[in-house]
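Below: one structure, written as structure tokens.
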Amino acid sequence: MGTSPNAIEELKARMRSTWMAGDFGQIAKYSAPHAEDFVQGLPIQAGMRLLDVACGTGNLAIPAARRGADVTGIDIALNLIQQAKQRADAEDLRATFDEGDAEQLPYPDGQFDLVVSMFGAMFAPRPDRVASELVRVCRKGGTIAMANWTPDGLAGKLFALTARYLPPPDGVPPPVLWGDEATVRQRFGTGVSSLRLERRRFAMKFPFSPRETVQFFREYFGPTRVAFSKLDGTAQDAYTKDLESLWEERNEANDGTTLVPSEYLQVIATRA
């Protein structure tokens with residue numbers, strides 16, 4: 001990846017359009033129960049200032065607001081922000097949603113008691129900047145919590161498969177390195193005084209077959225939708241076959257639905 005401001009801005013623009021493609025809200029509703037479980041494990045108290053970085057459609061922000069937190073969500077994709085706001089408004093929750101970049105958060109130092117990100121900030125192309133920003137906006141003694149896909153889980157395998165067909169930009173680290181314990185320790189460094197890492201199971205469950213799951217992601221998941229759009233017909237057929245094989249091989253359901261275990265790294269850090 002080029003380091004010039006123009007190259008970085010062009011990359012960010014492509015990332016924004018990728019995440020705005022499709023309708024991620026259709027995907028997110030199936031992971032909402034896991035997000036609620038993640039929130040239940042966080043030290044949230046009424047009135048606590050919480051920032052959800054790369055918040056998507058609000059899967060963490062909404063249950064956090066239900067528990068009385070004063071929630072701010074931020075995401076690079078405006079259409080996801082709009083869905084999150086609609087969800088919060090529908091329940092009359094105290095939550096604000098901003099369009100913005102995880103690598104340059106528009107908030108003062110130490111503004112938040114709790115900074116969280118679930119399968120979001122891990123996709124920003126400059127992870128060291130992300131780690132620095134998560135630490136900066138968290139107050140001293142506050143908590144930083146992340147859920148990041150691991151390289152060995154299903155999500156990691158799906159990303160690796162896509163990279164075989166569409167290599168990522170040069171110089172951009174794989175997002176799943178945020179799911180590697182040693183890498184996370186290195187990125188946060190002395191910015192945190194404690195760091196607890198735990199690999200956890202995430203059940204990817206859909207009420208249709210693995211083949212239909214692939215089509216579901218092709219229609220609604222921005223990165224998959226964009227990947228297919230960049231391939232010719234022959235490559236699309238091969239990519240589809242490989243995706244279907246990956247889901248089918250790991251499917252634990254035998255009733256025509258899909259239940260595939262994946263894995264993520266839970267990160268709980270205390271701001272130094």
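Order determines the names: the first chain of the structure tokens is A, the second B, and so forth; residues in each chain are numbered 1 upward, and ligands are numbered 1 upward as they are shown.
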
Exercise for review: Based on DSSP run over this structure's backbone, return all residues of region 17-145 of chain A in helix (DSSP H, G or I), as a ChimeraX atom specification.
Suggested key: /A:17-20,24-40,61-66,78-90,121-123,127-137

Selected residues written out, C-alpha atoms, as an mmCIF file, in the first residue's frame:
```cif
data_model
loop_
_atom_site.group_PDB
_atom_site.id
_atom_site.type_symbol
_atom_site.label_atom_id
_atom_site.label_comp_id
_atom_site.auth_asym_id
_atom_site.auth_seq_id
_atom_site.Cartn_x
_atom_site.Cartn_y
_atom_site.Cartn_z
ATOM 1 C CA SER A 17 -17.994 1.647 -0.743
ATOM 2 C CA THR A 18 -17.339 -2.042 -0.064
ATOM 3 C CA TRP A 19 -19.016 -1.956 3.352
ATOM 4 C CA MET A 20 -21.892 0.104 1.975
ATOM 5 C CA PHE A 24 -25.061 -5.636 6.107
ATOM 6 C CA GLY A 25 -28.052 -5.318 8.414
ATOM 7 C CA GLN A 26 -29.348 -8.609 6.995
ATOM 8 C CA ILE A 27 -26.106 -10.302 8.028
ATOM 9 C CA ALA A 28 -25.816 -8.522 11.372
ATOM 10 C CA LYS A 29 -29.158 -9.721 12.693
ATOM 11 C CA TYR A 30 -27.826 -13.279 12.810
ATOM 12 C CA SER A 31 -24.856 -12.242 14.954
ATOM 13 C CA ALA A 32 -26.908 -9.999 17.263
ATOM 14 C CA PRO A 33 -27.310 -12.674 19.998
ATOM 15 C CA HIS A 34 -23.525 -13.070 20.186
ATOM 16 C CA ALA A 35 -23.140 -9.301 20.443
ATOM 17 C CA GLU A 36 -25.606 -9.203 23.327
ATOM 18 C CA ASP A 37 -23.631 -11.943 25.101
ATOM 19 C CA PHE A 38 -20.433 -9.953 24.568
ATOM 20 C CA VAL A 39 -22.018 -6.828 26.061
ATOM 21 C CA GLN A 40 -23.267 -8.799 29.064
ATOM 22 C CA ALA A 61 -24.313 -0.164 20.851
ATOM 23 C CA ILE A 62 -27.983 -1.065 21.189
ATOM 24 C CA PRO A 63 -27.710 -3.577 24.075
ATOM 25 C CA ALA A 64 -25.164 -1.305 25.788
ATOM 26 C CA ALA A 65 -27.628 1.583 25.619
ATOM 27 C CA ARG A 66 -30.361 -0.670 27.006
ATOM 28 C CA LEU A 78 -23.053 5.954 6.394
ATOM 29 C CA ASN A 79 -25.825 3.483 5.558
ATOM 30 C CA LEU A 80 -24.868 1.319 8.549
ATOM 31 C CA ILE A 81 -24.898 4.376 10.816
ATOM 32 C CA GLN A 82 -28.393 5.190 9.585
ATOM 33 C CA GLN A 83 -29.625 1.693 10.430
ATOM 34 C CA ALA A 84 -28.066 1.897 13.894
ATOM 35 C CA LYS A 85 -29.745 5.240 14.529
ATOM 36 C CA GLN A 86 -33.109 3.887 13.405
ATOM 37 C CA ARG A 87 -32.758 0.956 15.799
ATOM 38 C CA ALA A 88 -31.886 3.237 18.706
ATOM 39 C CA ASP A 89 -34.690 5.684 17.903
ATOM 40 C CA ALA A 90 -37.205 2.846 17.734
ATOM 41 C CA ALA A 121 -11.951 -1.940 13.880
ATOM 42 C CA MET A 122 -9.954 -5.020 12.882
ATOM 43 C CA PHE A 123 -10.599 -4.181 9.205
ATOM 44 C CA PRO A 127 -3.784 -1.378 12.812
ATOM 45 C CA ASP A 128 -1.131 0.437 14.821
ATOM 46 C CA ARG A 129 -3.054 3.670 14.343
ATOM 47 C CA VAL A 130 -6.242 1.911 15.386
ATOM 48 C CA ALA A 131 -4.673 0.604 18.584
ATOM 49 C CA SER A 132 -3.285 4.047 19.370
ATOM 50 C CA GLU A 133 -6.683 5.669 18.848
ATOM 51 C CA LEU A 134 -8.569 3.107 20.951
ATOM 52 C CA VAL A 135 -6.158 3.820 23.791
ATOM 53 C CA ARG A 136 -6.170 7.595 23.321
ATOM 54 C CA VAL A 137 -9.923 8.126 23.591
#
```

Find the residues around Pro174 (chain A) up to 12 Å (only C-alpha atoms counted), leave out those fewer than 4 positions away in its own chain, and share them as a short mmCIF file (atom, residue, chain, number, x, y, z; two decimals) with C-alpha atoms, in the first residue's frame.
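Result file follows (selection_35.cif):
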```cif
data_model
loop_
_atom_site.label_atom_id
_atom_site.label_comp_id
_atom_site.auth_asym_id
_atom_site.auth_seq_id
_atom_site.Cartn_x
_atom_site.Cartn_y
_atom_site.Cartn_z
CA MET A 122 -9.95 -5.02 12.88
CA PHE A 123 -10.60 -4.18 9.21
CA ALA A 124 -8.93 -0.75 9.20
CA PRO A 125 -5.77 -0.92 7.07
CA ARG A 126 -3.34 0.62 9.60
CA PRO A 127 -3.78 -1.38 12.81
CA ASN A 148 -11.66 -10.15 16.54
CA TRP A 149 -11.85 -13.09 14.14
CA THR A 150 -8.90 -15.48 14.44
CA PRO A 151 -6.88 -16.77 11.48
CA GLY A 156 -10.33 -16.38 8.84
CA LYS A 157 -10.55 -19.20 6.31
CA PHE A 159 -10.98 -14.19 4.18
CA ALA A 160 -8.00 -16.29 3.10
CA THR A 162 -11.20 -14.56 -0.97
CA ALA A 163 -7.59 -13.32 -0.94
CA PRO A 167 -5.19 -10.35 -3.43
CA PRO A 168 -5.43 -7.50 -0.89
CA PRO A 169 -3.53 -4.22 -1.42
CA ASP A 170 0.21 -4.44 -0.86
CA TRP A 178 -6.10 -8.86 15.33
CA GLY A 179 -7.08 -12.39 16.35
CA ASP A 180 -3.47 -13.38 17.10
CA THR A 183 0.14 -9.39 17.63
#
```

Exercise for review: Return the single residue from A:Arg14, A:Arg201, A:Lys230, A:Arg211 that is closest to Pro261 (chain A), with distances computed using only C-alpha atoms.
Suggested key: A:Arg201

Check your understanding: DSSP says strand (DSSP E or B) for which residues of region 17-265 of chain A? Put them as a PyMOL selection string?
Key -> chain A and resi 49-53+70-75+95-99+101+104+112-118+138-149+192-206+258-265

Point to revise | Distance query Arg164 (chain A) at most 12 Å, only C-alpha atoms, self and fewer than 6 positions along chain excluded, as a ChimeraX atom specification | key: /A:157-158,227,231,235,238-239,242-243

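Between CA of Asp113 (chain A) and CA of Arg199 (chain A) the separation is 24.2 Å.
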
Practice item. Tell me which of A:Arg49, A:Arg200, A:Arg94, A:Arg218 sits closest to Val116 (chain A), counting only C-alpha atoms. Key: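 Of A:Arg49, A:Arg200, A:Arg94, A:Arg218, the one nearest Val116 (chain A), counting only C-alpha atoms, is A:Arg49.
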
Point to revise | Distance of CA of Gly22 (chain A) from CA of Glu212 (chain A), expressed in Å to one decimal place | key: 16.1 Å

Point to revise | Å distance separating CA of Glu249 (chain A) from CA of Asp23 (chain A), one decimal place | key: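 Interatomic distance here is 26.6 Å.
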
Check your understanding: Which of these residues is nearest to Leu259 (chain A), using only C-alpha atoms: A:Gln104, A:Gln215, A:Ser209, A:Ser117?
Key -> A:Ser209

Practice item. Choose the residue, out of A:Gln266, A:Leu114, A:Gly256, A:Thr72, that has the smallest atom-to-atom separation from Ala95 (chain A); count only C-alpha atoms. Key: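 Among the listed residues, the smallest separation from Ala95 (chain A) belongs to A:Thr72.
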
Point to revise | Residues near Ser262 (chain A), cut-off 7 Å, only C-alpha atoms, skip fewer than 2 positions along chain, as a PyMOL selection string | key: chain A and resi 153-155+201-204+260

Selected residues written out with C-alpha atoms, as a JSON list (two decimals), in the first residue's frame:
```
[["chain", "number", "residue", "atom", "x", "y", "z"],
["A", 153, "GLY", "CA", -11.65, -19.88, 12.53],
["A", 154, "LEU", "CA", -14.19, -20.04, 9.70],
["A", 155, "ALA", "CA", -14.12, -16.29, 9.14],
["A", 201, "ARG", "CA", -16.57, -19.93, 20.03],
["A", 202, "PHE", "CA", -18.98, -18.18, 17.69],
["A", 203, "ALA", "CA", -21.73, -20.26, 16.07],
["A", 204, "MET", "CA", -22.56, -19.07, 12.57],
["A", 260, "VAL", "CA", -20.74, -23.72, 11.48]]
```

Exercise for review: Tell me which protein, DNA and RNA residues are within 8 Å of Val192 (chain A), counting only C-alpha atoms, leaving out same-chain ones fewer than 5 positions away, and put them as a ChimeraX atom specification.
Suggested key: /A:135,269-272

Selected residues written out with C-alpha atoms, as a compact mmCIF listing (two decimals), in the first residue's frame:
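Output file result.txt is given in full below:
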```
# COMPACT_ATOMS: atom_id res chain seq x y z
CA VAL A 135 -6.16 3.82 23.79
CA ALA A 269 -7.57 -4.31 28.17
CA THR A 270 -7.18 -1.67 30.89
CA ARG A 271 -5.92 1.73 29.76
CA ALA A 272 -2.61 2.55 31.41
```

Practice item. Would you mind telling me which residue in A:Gly68, A:Pro173, A:Gly56, A:Pro223 lies nearest to Asp92 (chain A) when using only C-alpha atoms? Key: A:Gly68
